[in-house]
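Participant: Structure supplied as start09.cif; contents: mmCIF, C-alpha atoms.
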```cif
data_structure
#
loop_
_atom_site.group_PDB
_atom_site.id
_atom_site.type_symbol
_atom_site.label_atom_id
_atom_site.label_comp_id
_atom_site.auth_asym_id
_atom_site.auth_seq_id
_atom_site.Cartn_x
_atom_site.Cartn_y
_atom_site.Cartn_z
ATOM 1 C CA MET A 142 143.068 1.015 142.922
ATOM 2 C CA ALA A 143 141.640 3.050 145.817
ATOM 3 C CA GLY A 144 143.723 6.018 144.694
ATOM 4 C CA GLY A 145 141.935 6.159 141.343
ATOM 5 C CA ASP A 146 144.647 4.345 139.356
ATOM 6 C CA LYS A 147 142.906 3.609 136.042
ATOM 7 C CA ALA A 148 145.338 0.855 135.108
ATOM 8 C CA ALA A 149 144.812 -0.893 138.460
ATOM 9 C CA LEU A 150 141.036 -0.705 138.088
ATOM 10 C CA ALA A 151 141.248 -2.025 134.531
ATOM 11 C CA ARG A 152 143.300 -4.975 135.791
ATOM 12 C CA ALA A 153 140.797 -5.605 138.590
ATOM 13 C CA LEU A 154 137.869 -5.638 136.136
ATOM 14 C CA ALA A 155 139.766 -7.955 133.787
ATOM 15 C CA ARG A 156 140.459 -10.267 136.724
ATOM 16 C CA LEU A 157 136.783 -10.140 137.648
ATOM 17 C CA GLU A 158 135.737 -11.286 134.179
ATOM 18 C CA ARG A 159 138.460 -13.915 133.947
ATOM 19 C CA ALA A 160 138.234 -15.460 137.416
ATOM 20 C CA PRO A 161 135.108 -14.262 139.244
ATOM 21 C CA GLU A 162 135.221 -17.117 141.769
ATOM 22 C CA ALA A 163 138.918 -16.812 142.694
ATOM 23 C CA ALA A 164 139.675 -16.127 146.354
ATOM 24 C CA ASP A 165 141.553 -12.892 145.640
ATOM 25 C CA THR A 166 138.708 -11.652 143.410
ATOM 26 C CA LEU A 167 136.148 -12.314 146.138
ATOM 27 C CA ALA A 168 138.373 -10.624 148.731
ATOM 28 C CA LEU A 169 138.645 -7.528 146.521
ATOM 29 C CA LEU A 170 134.886 -7.414 145.927
ATOM 30 C CA ASP A 171 134.139 -7.880 149.630
ATOM 31 C CA ALA A 172 136.511 -5.047 150.568
ATOM 32 C CA ALA A 173 135.012 -2.748 147.923
ATOM 33 C CA PHE A 174 131.473 -3.601 149.028
ATOM 34 C CA ARG A 175 132.290 -2.569 152.605
ATOM 35 C CA ALA A 176 133.843 0.748 151.511
ATOM 36 C CA PRO A 177 131.342 2.538 149.262
ATOM 37 C CA LYS A 178 132.406 6.061 148.318
ATOM 38 C CA GLY A 179 130.370 7.239 145.370
ATOM 39 C CA GLN A 180 126.828 7.856 144.232
ATOM 40 C CA VAL A 181 125.507 5.364 141.655
ATOM 41 C CA VAL A 182 123.247 6.785 138.950
ATOM 42 C CA GLY A 183 121.480 4.508 136.463
ATOM 43 C CA VAL A 184 120.712 6.206 133.145
ATOM 44 C CA THR A 185 117.971 4.534 131.149
ATOM 45 C CA GLY A 186 115.506 5.280 128.378
ATOM 46 C CA PRO A 187 114.569 4.076 124.894
ATOM 47 C CA PRO A 188 117.295 3.536 122.274
ATOM 48 C CA GLY A 189 117.974 6.735 120.357
ATOM 49 C CA VAL A 190 116.921 9.060 123.159
ATOM 50 C CA GLY A 191 120.450 10.427 123.451
ATOM 51 C CA LYS A 192 121.720 8.686 126.580
ATOM 52 C CA SER A 193 125.320 8.508 125.383
ATOM 53 C CA THR A 194 125.383 12.151 124.311
ATOM 54 C CA LEU A 195 123.911 13.129 127.664
ATOM 55 C CA LEU A 196 126.505 11.041 129.483
ATOM 56 C CA GLY A 197 129.310 12.811 127.668
ATOM 57 C CA ALA A 198 127.943 16.224 128.642
ATOM 58 C CA LEU A 199 127.206 15.117 132.214
ATOM 59 C CA ILE A 200 130.719 13.725 132.628
ATOM 60 C CA ARG A 201 132.250 17.030 131.553
ATOM 61 C CA LYS A 202 129.972 18.969 133.900
ATOM 62 C CA LEU A 203 130.736 16.685 136.861
ATOM 63 C CA ARG A 204 134.460 16.976 136.193
ATOM 64 C CA ALA A 205 134.088 20.755 136.095
ATOM 65 C CA HIS A 206 132.556 20.440 139.567
ATOM 66 C CA GLY A 207 135.649 18.516 140.676
ATOM 67 C CA ARG A 208 134.005 15.100 140.932
ATOM 68 C CA SER A 209 135.628 11.906 139.690
ATOM 69 C CA VAL A 210 133.441 9.749 137.455
ATOM 70 C CA GLY A 211 133.292 6.042 136.631
ATOM 71 C CA VAL A 212 131.091 4.900 133.747
ATOM 72 C CA ILE A 213 129.685 1.474 132.913
ATOM 73 C CA ALA A 214 128.184 1.535 129.422
ATOM 74 C CA VAL A 215 126.151 -1.612 128.773
ATOM 75 C CA ASP A 216 125.998 -2.323 125.055
ATOM 76 C CA PRO A 217 124.142 -4.719 122.774
ATOM 77 C CA SER A 218 126.178 -7.832 122.024
ATOM 78 C CA SER A 219 127.743 -9.145 118.870
ATOM 79 C CA ARG A 220 126.166 -12.496 117.966
ATOM 80 C CA ARG A 221 129.534 -13.641 116.634
ATOM 81 C CA SER A 222 131.935 -12.627 119.417
ATOM 82 C CA GLY A 223 129.591 -11.901 122.340
ATOM 83 C CA GLY A 224 131.404 -8.594 122.802
ATOM 84 C CA ALA A 225 129.972 -5.102 123.061
ATOM 85 C CA LEU A 226 128.871 -3.780 119.667
ATOM 86 C CA LEU A 227 129.082 -0.076 120.457
ATOM 87 C CA GLY A 228 132.232 -0.512 122.489
ATOM 88 C CA ASP A 229 133.976 2.621 123.688
ATOM 89 C CA ARG A 230 131.497 5.178 122.354
ATOM 90 C CA VAL A 231 131.407 7.180 125.580
ATOM 91 C CA ARG A 232 135.202 7.316 125.614
ATOM 92 C CA LEU A 233 135.009 9.487 122.500
ATOM 93 C CA LEU A 234 133.016 12.052 124.477
ATOM 94 C CA SER A 235 135.450 12.306 127.373
ATOM 95 C CA ASP A 236 139.158 13.019 127.799
ATOM 96 C CA PRO A 237 141.096 9.713 127.852
ATOM 97 C CA ASP A 238 143.994 11.442 129.601
ATOM 98 C CA ASP A 239 141.838 12.587 132.519
ATOM 99 C CA SER A 240 142.654 10.375 135.513
ATOM 100 C CA GLY A 241 139.327 11.360 137.070
ATOM 101 C CA ILE A 242 137.315 9.491 134.428
ATOM 102 C CA PHE A 243 137.113 5.758 133.849
ATOM 103 C CA VAL A 244 134.846 4.259 131.165
ATOM 104 C CA ARG A 245 134.123 0.567 130.752
ATOM 105 C CA SER A 246 131.824 -1.019 128.163
ATOM 106 C CA MET A 247 130.134 -4.311 128.989
ATOM 107 C CA ALA A 248 128.171 -6.584 126.672
ATOM 108 C CA ALA A 249 124.580 -7.332 127.691
ATOM 109 C CA ARG A 250 124.740 -10.744 125.940
ATOM 110 C CA ASP A 251 121.417 -12.506 126.607
ATOM 111 C CA ARG A 252 120.426 -10.395 129.594
ATOM 112 C CA LEU A 253 116.949 -8.921 129.090
ATOM 113 C CA GLY A 254 117.219 -6.458 131.920
ATOM 114 C CA GLY A 255 119.364 -3.969 130.057
ATOM 115 C CA LEU A 256 122.404 -4.737 132.213
ATOM 116 C CA ALA A 257 125.399 -6.996 131.760
ATOM 117 C CA GLU A 258 125.960 -9.948 134.073
ATOM 118 C CA MET A 259 129.068 -8.357 135.584
ATOM 119 C CA THR A 260 127.509 -4.912 136.045
ATOM 120 C CA VAL A 261 126.898 -5.253 139.797
ATOM 121 C CA ALA A 262 130.416 -6.420 140.595
ATOM 122 C CA GLY A 263 131.919 -3.754 138.339
ATOM 123 C CA MET A 264 129.730 -1.110 139.949
ATOM 124 C CA VAL A 265 130.848 -2.149 143.446
ATOM 125 C CA LEU A 266 134.496 -1.771 142.442
ATOM 126 C CA MET A 267 133.924 1.646 140.826
ATOM 127 C CA ARG A 268 131.722 2.821 143.695
ATOM 128 C CA ALA A 269 134.650 2.349 146.066
ATOM 129 C CA VAL A 270 136.869 4.563 143.897
ATOM 130 C CA TYR A 271 134.862 7.325 142.205
ATOM 131 C CA ASP A 272 132.590 10.115 143.441
ATOM 132 C CA VAL A 273 129.906 9.291 140.876
ATOM 133 C CA VAL A 274 129.297 6.042 138.989
ATOM 134 C CA LEU A 275 127.100 6.313 135.893
ATOM 135 C CA ILE A 276 125.519 3.146 134.482
ATOM 136 C CA GLU A 277 123.976 3.423 131.028
ATOM 137 C CA THR A 278 121.602 0.587 130.117
ATOM 138 C CA VAL A 279 120.904 -0.858 126.674
ATOM 139 C CA GLY A 280 117.329 0.420 126.676
ATOM 140 C CA VAL A 281 114.117 0.362 128.632
ATOM 141 C CA GLY A 282 111.004 -1.762 128.468
ATOM 142 C CA GLN A 283 108.753 -3.974 130.519
ATOM 143 C CA SER A 284 111.490 -6.467 131.406
ATOM 144 C CA GLU A 285 114.320 -3.941 131.352
ATOM 145 C CA THR A 286 113.990 -2.324 134.756
ATOM 146 C CA ASP A 287 116.702 -4.027 136.761
ATOM 147 C CA VAL A 288 118.795 -0.851 136.761
ATOM 148 C CA ALA A 289 116.714 0.038 139.841
ATOM 149 C CA GLY A 290 118.293 -2.971 141.544
ATOM 150 C CA VAL A 291 121.782 -1.567 140.973
ATOM 151 C CA ALA A 292 121.621 2.226 141.181
ATOM 152 C CA ASP A 293 121.025 4.590 144.079
ATOM 153 C CA THR A 294 119.270 6.996 141.718
ATOM 154 C CA VAL A 295 117.560 6.211 138.409
ATOM 155 C CA LEU A 296 117.498 8.837 135.660
ATOM 156 C CA PHE A 297 114.917 8.180 132.940
ATOM 157 C CA CYS A 298 115.359 9.987 129.608
ATOM 158 C CA VAL A 299 112.577 10.924 127.191
ATOM 159 C CA GLN A 300 112.916 12.378 123.713
ATOM 160 C CA PRO A 301 110.449 15.106 122.658
ATOM 161 C CA GLY A 302 107.799 14.122 120.147
ATOM 162 C CA SER A 303 108.380 10.386 120.388
ATOM 163 C CA GLY A 304 105.496 9.397 122.650
ATOM 164 C CA ASP A 305 107.998 7.778 125.011
ATOM 165 C CA SER A 306 106.264 9.089 128.111
ATOM 166 C CA LEU A 307 103.037 7.279 127.177
ATOM 167 C CA GLN A 308 104.949 4.123 126.318
ATOM 168 C CA PHE A 309 106.723 4.549 129.635
ATOM 169 C CA MET A 310 103.333 4.436 131.373
ATOM 170 C CA LYS A 311 102.269 1.330 129.440
ATOM 171 C CA ALA A 312 105.509 -0.475 130.252
ATOM 172 C CA GLY A 313 104.612 -0.515 133.928
ATOM 173 C CA ILE A 314 107.778 1.189 135.118
ATOM 174 C CA VAL A 315 106.249 4.366 136.492
ATOM 175 C CA GLU A 316 107.794 3.691 139.902
ATOM 176 C CA ILE A 317 111.341 3.310 138.588
ATOM 177 C CA PRO A 318 112.651 6.875 137.955
ATOM 178 C CA ASP A 319 113.833 9.177 140.706
ATOM 179 C CA VAL A 320 114.628 11.896 138.166
ATOM 180 C CA ALA A 321 113.159 12.153 134.660
ATOM 181 C CA ALA A 322 114.650 14.338 131.946
ATOM 182 C CA ILE A 323 113.417 15.527 128.580
ATOM 183 C CA THR A 324 116.427 15.453 126.288
ATOM 184 C CA LYS A 325 116.893 17.893 123.408
ATOM 185 C CA ALA A 326 115.120 20.711 125.257
ATOM 186 C CA ASP A 327 116.278 23.100 122.505
ATOM 187 C CA THR A 328 113.426 21.765 120.320
ATOM 188 C CA GLY A 329 111.083 24.210 122.079
ATOM 189 C CA ALA A 330 107.358 23.430 122.053
ATOM 190 C CA PRO A 331 107.758 19.639 121.576
ATOM 191 C CA ALA A 332 110.009 19.546 124.642
ATOM 192 C CA ASP A 333 107.468 21.536 126.651
ATOM 193 C CA ARG A 334 104.688 19.127 125.650
ATOM 194 C CA ALA A 335 106.850 16.133 126.493
ATOM 195 C CA LEU A 336 107.599 17.599 129.920
ATOM 196 C CA SER A 337 103.896 18.095 130.558
ATOM 197 C CA ASP A 338 103.151 14.510 129.476
ATOM 198 C CA LEU A 339 105.930 13.181 131.676
ATOM 199 C CA ASN A 340 104.743 15.121 134.708
ATOM 200 C CA GLY A 341 101.279 13.707 134.101
ATOM 201 C CA ALA A 342 102.615 10.157 133.832
ATOM 202 C CA LEU A 343 104.618 10.390 137.031
ATOM 203 C CA SER A 344 101.769 12.043 138.917
ATOM 204 C CA LEU A 345 99.922 8.719 138.684
ATOM 205 C CA ASN A 346 102.441 7.390 141.170
ATOM 206 C CA ASP A 347 101.987 10.230 143.669
ATOM 207 C CA ASP A 348 100.340 9.492 146.996
ATOM 208 C CA ALA A 349 99.839 11.134 150.355
ATOM 209 C CA ASP A 350 102.949 9.534 151.885
ATOM 210 C CA ASP A 351 105.297 12.456 152.547
ATOM 211 C CA SER A 352 108.134 10.081 153.401
ATOM 212 C CA ARG A 353 108.382 8.899 149.789
ATOM 213 C CA TRP A 354 110.588 10.618 147.246
ATOM 214 C CA GLN A 355 108.597 12.439 144.581
ATOM 215 C CA ALA A 356 110.254 12.072 141.180
ATOM 216 C CA ARG A 357 111.555 15.313 139.674
ATOM 217 C CA CYS A 358 111.071 16.196 135.998
ATOM 218 C CA LEU A 359 113.195 18.643 134.022
ATOM 219 C CA LYS A 360 114.326 19.613 130.537
ATOM 220 C CA LEU A 361 117.919 19.660 129.352
ATOM 221 C CA SER A 362 120.061 19.879 126.255
ATOM 222 C CA ALA A 363 123.339 18.013 126.026
ATOM 223 C CA GLU A 364 124.249 20.105 122.986
ATOM 224 C CA THR A 365 123.910 23.523 124.668
ATOM 225 C CA GLY A 366 124.445 22.434 128.274
ATOM 226 C CA ALA A 367 121.115 23.950 129.336
ATOM 227 C CA GLY A 368 119.605 22.207 132.339
ATOM 228 C CA LEU A 369 122.679 20.149 133.243
ATOM 229 C CA ASP A 370 123.242 22.047 136.499
ATOM 230 C CA ASP A 371 119.579 21.472 137.353
ATOM 231 C CA LEU A 372 120.041 17.771 136.616
ATOM 232 C CA ILE A 373 123.046 17.501 138.926
ATOM 233 C CA ALA A 374 121.114 19.388 141.617
ATOM 234 C CA ALA A 375 118.203 16.929 141.292
ATOM 235 C CA LEU A 376 120.544 13.923 141.492
ATOM 236 C CA ASP A 377 122.226 15.427 144.546
ATOM 237 C CA ALA A 378 118.871 16.122 146.172
ATOM 238 C CA HIS A 379 117.873 12.482 145.808
ATOM 239 C CA GLN A 380 121.193 11.331 147.249
ATOM 240 C CA ALA A 381 120.726 13.690 150.204
ATOM 241 C CA TRP A 382 117.235 12.277 150.749
ATOM 242 C CA LEU A 383 118.615 8.749 150.699
ATOM 243 C CA ALA A 384 121.259 9.725 153.254
ATOM 244 C CA GLN A 385 118.536 10.563 155.784
ATOM 245 C CA ASP A 386 117.194 8.022 158.291
ATOM 246 C CA GLY A 387 119.429 5.211 157.034
ATOM 247 C CA ARG A 388 117.612 4.961 153.692
ATOM 248 C CA LEU A 389 120.758 4.558 151.584
ATOM 249 C CA ALA A 390 122.205 1.716 153.665
ATOM 250 C CA ALA A 391 118.850 -0.076 153.681
ATOM 251 C CA HIS A 392 118.436 0.471 149.933
ATOM 252 C CA ARG A 393 121.861 -0.962 149.132
ATOM 253 C CA ALA A 394 121.395 -3.895 151.517
ATOM 254 C CA ALA A 395 118.111 -4.799 149.809
ATOM 255 C CA GLN A 396 119.781 -4.555 146.399
ATOM 256 C CA ALA A 397 122.626 -6.825 147.528
ATOM 257 C CA GLU A 398 120.208 -9.424 148.841
ATOM 258 C CA GLN A 399 118.153 -9.268 145.646
ATOM 259 C CA TRP A 400 121.312 -9.721 143.552
ATOM 260 C CA LEU A 401 122.327 -12.720 145.657
ATOM 261 C CA VAL A 402 118.961 -14.440 145.197
ATOM 262 C CA GLU A 403 118.927 -13.781 141.447
ATOM 263 C CA ALA A 404 122.525 -14.984 141.041
ATOM 264 C CA LEU A 405 121.664 -18.220 142.831
ATOM 265 C CA ARG A 406 118.537 -18.667 140.702
ATOM 266 C CA ASP A 407 120.529 -18.077 137.505
ATOM 267 C CA ARG A 408 123.090 -20.693 138.504
ATOM 268 C CA HIS A 409 120.998 -23.334 140.243
ATOM 269 C CA GLY A 410 117.413 -22.669 139.229
ATOM 270 C CA ARG A 411 114.350 -22.403 141.393
ATOM 271 C CA GLU A 412 114.898 -25.880 142.762
ATOM 272 C CA GLY A 413 118.307 -24.863 144.060
ATOM 273 C CA LEU A 414 116.811 -21.837 145.797
ATOM 274 C CA LYS A 415 114.127 -24.046 147.303
ATOM 275 C CA ARG A 416 116.761 -26.339 148.782
ATOM 276 C CA LEU A 417 118.505 -23.398 150.436
ATOM 277 C CA GLY A 418 115.354 -22.007 152.015
ATOM 278 C CA LYS A 419 115.179 -18.299 152.739
ATOM 279 C CA VAL A 420 118.323 -16.545 151.524
ATOM 280 C CA THR A 421 119.353 -13.483 153.536
ATOM 281 C CA LEU A 422 122.390 -11.329 154.204
ATOM 282 C CA GLY A 423 123.600 -10.165 157.588
ATOM 283 C CA GLN A 424 124.002 -6.461 158.253
ATOM 284 C CA GLY A 425 126.879 -5.186 156.133
ATOM 285 C CA GLU A 426 127.596 -8.661 154.739
ATOM 286 C CA SER A 427 128.973 -8.839 151.209
ATOM 287 C CA PRO A 428 126.870 -10.854 148.743
ATOM 288 C CA PHE A 429 129.898 -12.072 146.803
ATOM 289 C CA SER A 430 131.490 -14.384 149.362
ATOM 290 C CA ARG A 431 128.002 -15.371 150.517
ATOM 291 C CA LEU A 432 127.187 -16.450 146.961
ATOM 292 C CA SER A 433 130.301 -18.599 146.871
ATOM 293 C CA GLU A 434 129.405 -20.205 150.221
ATOM 294 C CA LEU A 435 125.813 -20.981 149.266
ATOM 295 C CA ALA A 436 126.783 -22.216 145.798
ATOM 296 C CA ALA A 437 129.253 -24.619 147.420
ATOM 297 C CA LYS A 438 126.418 -26.097 149.471
ATOM 298 C CA LEU A 439 124.517 -26.883 146.295
#
```
Mind turning this structure into structure tokens?
Facilitator:
Amino acid sequence: MAGGDKAALARALARLERAPEAADTLALLDAAFRAPKGQVVGVTGPPGVGKSTLLGALIRKLRAHGRSVGVIAVDPSSRRSGGALLGDRVRLLSDPDDSGIFVRSMAARDRLGGLAEMTVAGMVLMRAVYDVVLIETVGVGQSETDVAGVADTVLFCVQPGSGDSLQFMKAGIVEIPDVAAITKADTGAPADRALSDLNGALSLNDDADDSRWQARCLKLSAETGAGLDDLIAALDAHQAWLAQDGRLAAHRAAQAEQWLVEALRDRHGREGLKRLGKVTLGQGESPFSRLSELAAKL
């Protein structure tokens, strides 16, 4: 799997869904957690903003830059089967014969956060294999911000003329994006107005702390390719910022601990968490085996 074998990764993900608590599954997840390779980018925004089209264009651009790409596309669920409704839509926008691309759809089921239950584990496996891991969420809203608990960098997409930037402010997620992009920049004046609105919205989160990352706003068009190089440059700039002063390691450690606490709460409720007391992870400790250990105590 470490060599980018798509079939091996597909088998590993199938094993993860079939037997998440098995000893060999936990060993694989622990090994992958300790060997992160790639940058994880969460792509979020309202339904219809063009996230999937953007992903297709971004994948092609990243491949042209020589980077391997893993994609987790979180879809709405079928009420009948529980499976992903939109399925392999991103696969249609990328070359299935390209060994440097791997696309996996996951069903959100009853998760309100815009992510599937297995997203974190799947991300950890892909992160150990690919240069860039893209996670597309179902949508965005007040309760749909947990992509920030999974990704290194969050890309928020806004469609011109839709008022999404104002809704974005109302939803209370102004601190979530690291990069914000106006899609369909070829619309001209509406895209310019949307960019101005978005800059205004994000400026509300600015402060005098120079150590904080200041979100970058830009325009792009997936249809023409305009702005995609600027987008990649902005994503890279945020990753470079995270790499300074141990920020990335601290960020990922906090995410792992948060995932562990939420997984325990989902399985055993608040009373179970109360019985365990304060739940923490040691430096570099994988949350997957730790979850199994703590769950066994309960």
Participant: Please provide the set of residues having any atom within 8 Å of Leu195 in chain A, restricted to only C-alpha atoms, with same-chain residues fewer than 5 positions apart removed, written as a PDB file with C-alpha atoms, keeping the file's coordinate frame.
Facilitator:
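The resulting part_9.pdb:
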```
ATOM      1  CA  THR A 324     116.427  15.453 126.288  1.00  0.00           C
ATOM      2  CA  SER A 362     120.061  19.879 126.255  1.00  0.00           C
ATOM      3  CA  ALA A 363     123.339  18.013 126.026  1.00  0.00           C
TER       4      ALA A 363
END
```
Participant: Which residues match the PyMOL selection byres ((chain A and resi 212) around 7) in the file above, as an MDAnalysis selection string?
Facilitator: chainID A and resid 210:211 213:214 243:245 274:276
Participant: Which residue, A:Glu434, A:Glu316, A:Asp386, A:Asp327, has the smallest gap to Leu422 in chain A when you use all atoms listed in the file?
Facilitator: A:Glu434
Participant: Using 5 Å of padding on each side, determine the axis-aligned box around all atoms of range 184-202 of chain A present in the file and give its centre and edge lengths in Å to one decimal, as lines of an AutoDock Vina configuration file.
Facilitator:
```
center_x = 123.4
center_y = 11.3
center_z = 127.1
size_x = 27.7
size_y = 25.4
size_z = 23.5
```
Participant: If the PyMOL selection byres ((chain A and resi 190) around 9) were run on this exact file, what residues would it hold? Put them as a VMD selection string.
Facilitator: chain A and resid 186 to 189 191 to 193 298 to 301 324 to 325
Participant: Need to verify the contact set: range 389-403 of chain A, 6 Å, all atoms listed in the file, exclusion of same-chain residues closer than 5 positions in sequence. Can you return it as a PDB file with C-alpha atoms, keeping the file's coordinate frame?
Facilitator:
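Saved to around_18.pdb:
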```pdb
ATOM      1  CA  GLY A 290     118.293  -2.971 141.544  1.00  0.00           C
ATOM      2  CA  LEU A 383     118.615   8.749 150.699  1.00  0.00           C
ATOM      3  CA  ALA A 384     121.259   9.725 153.254  1.00  0.00           C
ATOM      4  CA  PRO A 428     126.870 -10.854 148.743  1.00  0.00           C
TER       5      PRO A 428
END
```
Participant: Could you check which of A:Ser427, A:Thr260, A:Gln385, A:Ser209 is closest to Arg353 in chain A, using all atoms listed in the file?
Facilitator: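 Checking each candidate against Arg353 in chain A, we get A:Gln385 as the closest.
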Participant: Run through the PyMOL selection byres ((chain A and resi 435) around 12) on the given coordinates and return the selected residues as a ChimeraX atom specification.
Facilitator: /A:401-402,404-406,408-409,413-414,416-422,428-434,436-439
Participant: Using all atoms listed in the file, which of A:Thr166, A:Gln180, A:Thr328, A:Thr185 sits nearest Val295 in chain A?
Facilitator: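 Answer, going by the shortest atom-to-atom distance: A:Thr185.
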Participant: One decimal, Å: what's the distance from CA of Leu199 in chain A over to CA of Ala149 in chain A, could you say?
Facilitator: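 For CA of Leu199 in chain A relative to CA of Ala149 in chain A, the distance reads 24.6 Å.
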Participant: Between CA of Leu157 in chain A and CA of Ile200 in chain A, what distance in Å does the model show, to one decimal?
Facilitator: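 It comes out at 25.1 Å.
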Participant: Between CA of Met259 in chain A and CA of Pro161 in chain A, what is the distance, to one decimal in Å?
Facilitator: 9.2 Å
Participant: Pick out the residues sitting within 12 Å of Arg152 in chain A, and hand them over as an mmCIF file with C-alpha atoms, in the frame of the given file; count all atoms listed in the file, and ignore anything fewer than 5 positions along from it in its own chain.
Facilitator:
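Output (result_14.cif):
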```cif
data_model
loop_
_atom_site.group_PDB
_atom_site.id
_atom_site.type_symbol
_atom_site.label_atom_id
_atom_site.label_comp_id
_atom_site.auth_asym_id
_atom_site.auth_seq_id
_atom_site.Cartn_x
_atom_site.Cartn_y
_atom_site.Cartn_z
ATOM 1 C CA MET A 142 143.068 1.015 142.922
ATOM 2 C CA ASP A 146 144.647 4.345 139.356
ATOM 3 C CA LYS A 147 142.906 3.609 136.042
ATOM 4 C CA LEU A 157 136.783 -10.140 137.648
ATOM 5 C CA GLU A 158 135.737 -11.286 134.179
ATOM 6 C CA ARG A 159 138.460 -13.915 133.947
ATOM 7 C CA ALA A 160 138.234 -15.460 137.416
ATOM 8 C CA THR A 166 138.708 -11.652 143.410
ATOM 9 C CA LEU A 169 138.645 -7.528 146.521
ATOM 10 C CA ARG A 245 134.123 0.567 130.752
ATOM 11 C CA GLY A 263 131.919 -3.754 138.339
ATOM 12 C CA LEU A 266 134.496 -1.771 142.442
#
```
Participant: For Ala292 in chain A, which residue out of A:Ala374, A:Ile323, A:Val181, A:Ala330 is the nearest one, using all atoms listed in the file?
Facilitator: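 The shortest atom-to-atom distance to Ala292 in chain A comes from A:Val181.
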Participant: From the options A:Gly387, A:Gly366, A:Gly410, A:Gly423, which residue's atoms come nearest to Thr194 in chain A, counting all atoms listed in the file?
Facilitator: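 Comparing A:Gly387, A:Gly366, A:Gly410, A:Gly423 against Thr194 in chain A, the winner is A:Gly366.
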Participant: How about completing range 412-425 of chain A with N, CA and C atoms and giving it to me as a PDB file, in the frame of the given file?
Facilitator:
```pdb
ATOM      1  N   GLU A 412     114.773 -24.735 141.868  1.00  0.00           N
ATOM      2  CA  GLU A 412     114.898 -25.880 142.762  1.00  0.00           C
ATOM      3  C   GLU A 412     116.078 -25.703 143.714  1.00  0.00           C
ATOM      4  N   GLY A 413     117.160 -25.133 143.207  1.00  0.00           N
ATOM      5  CA  GLY A 413     118.307 -24.863 144.060  1.00  0.00           C
ATOM      6  C   GLY A 413     117.965 -23.870 145.158  1.00  0.00           C
ATOM      7  N   LEU A 414     117.243 -22.819 144.795  1.00  0.00           N
ATOM      8  CA  LEU A 414     116.811 -21.837 145.797  1.00  0.00           C
ATOM      9  C   LEU A 414     115.917 -22.484 146.843  1.00  0.00           C
ATOM     10  N   LYS A 415     115.043 -23.370 146.382  1.00  0.00           N
ATOM     11  CA  LYS A 415     114.127 -24.046 147.303  1.00  0.00           C
ATOM     12  C   LYS A 415     114.895 -24.880 148.325  1.00  0.00           C
ATOM     13  N   ARG A 416     115.959 -25.530 147.878  1.00  0.00           N
ATOM     14  CA  ARG A 416     116.761 -26.339 148.782  1.00  0.00           C
ATOM     15  C   ARG A 416     117.461 -25.487 149.838  1.00  0.00           C
ATOM     16  N   LEU A 417     117.811 -24.270 149.487  1.00  0.00           N
ATOM     17  CA  LEU A 417     118.505 -23.398 150.436  1.00  0.00           C
ATOM     18  C   LEU A 417     117.558 -22.778 151.461  1.00  0.00           C
ATOM     19  N   GLY A 418     116.285 -22.693 151.134  1.00  0.00           N
ATOM     20  CA  GLY A 418     115.354 -22.007 152.015  1.00  0.00           C
ATOM     21  C   GLY A 418     115.477 -20.507 151.836  1.00  0.00           C
ATOM     22  N   LYS A 419     115.132 -19.756 152.836  1.00  0.00           N
ATOM     23  CA  LYS A 419     115.179 -18.299 152.739  1.00  0.00           C
ATOM     24  C   LYS A 419     116.629 -17.825 152.706  1.00  0.00           C
ATOM     25  N   VAL A 420     116.959 -17.057 151.689  1.00  0.00           N
ATOM     26  CA  VAL A 420     118.323 -16.545 151.524  1.00  0.00           C
ATOM     27  C   VAL A 420     118.371 -15.099 152.017  1.00  0.00           C
ATOM     28  N   THR A 421     119.232 -14.834 152.980  1.00  0.00           N
ATOM     29  CA  THR A 421     119.353 -13.483 153.536  1.00  0.00           C
ATOM     30  C   THR A 421     120.820 -13.122 153.677  1.00  0.00           C
ATOM     31  N   LEU A 422     121.053 -11.838 153.916  1.00  0.00           N
ATOM     32  CA  LEU A 422     122.390 -11.329 154.204  1.00  0.00           C
ATOM     33  C   LEU A 422     122.382 -10.678 155.576  1.00  0.00           C
ATOM     34  N   GLY A 423     123.462 -10.863 156.319  1.00  0.00           N
ATOM     35  CA  GLY A 423     123.600 -10.165 157.588  1.00  0.00           C
ATOM     36  C   GLY A 423     123.905  -8.700 157.360  1.00  0.00           C
ATOM     37  N   GLN A 424     123.764  -7.887 158.380  1.00  0.00           N
ATOM     38  CA  GLN A 424     124.002  -6.461 158.253  1.00  0.00           C
ATOM     39  C   GLN A 424     125.440  -6.206 157.791  1.00  0.00           C
ATOM     40  N   GLY A 425     125.568  -5.509 156.662  1.00  0.00           N
ATOM     41  CA  GLY A 425     126.879  -5.186 156.133  1.00  0.00           C
ATOM     42  C   GLY A 425     127.590  -6.330 155.451  1.00  0.00           C
TER      43      GLY A 425
END
```
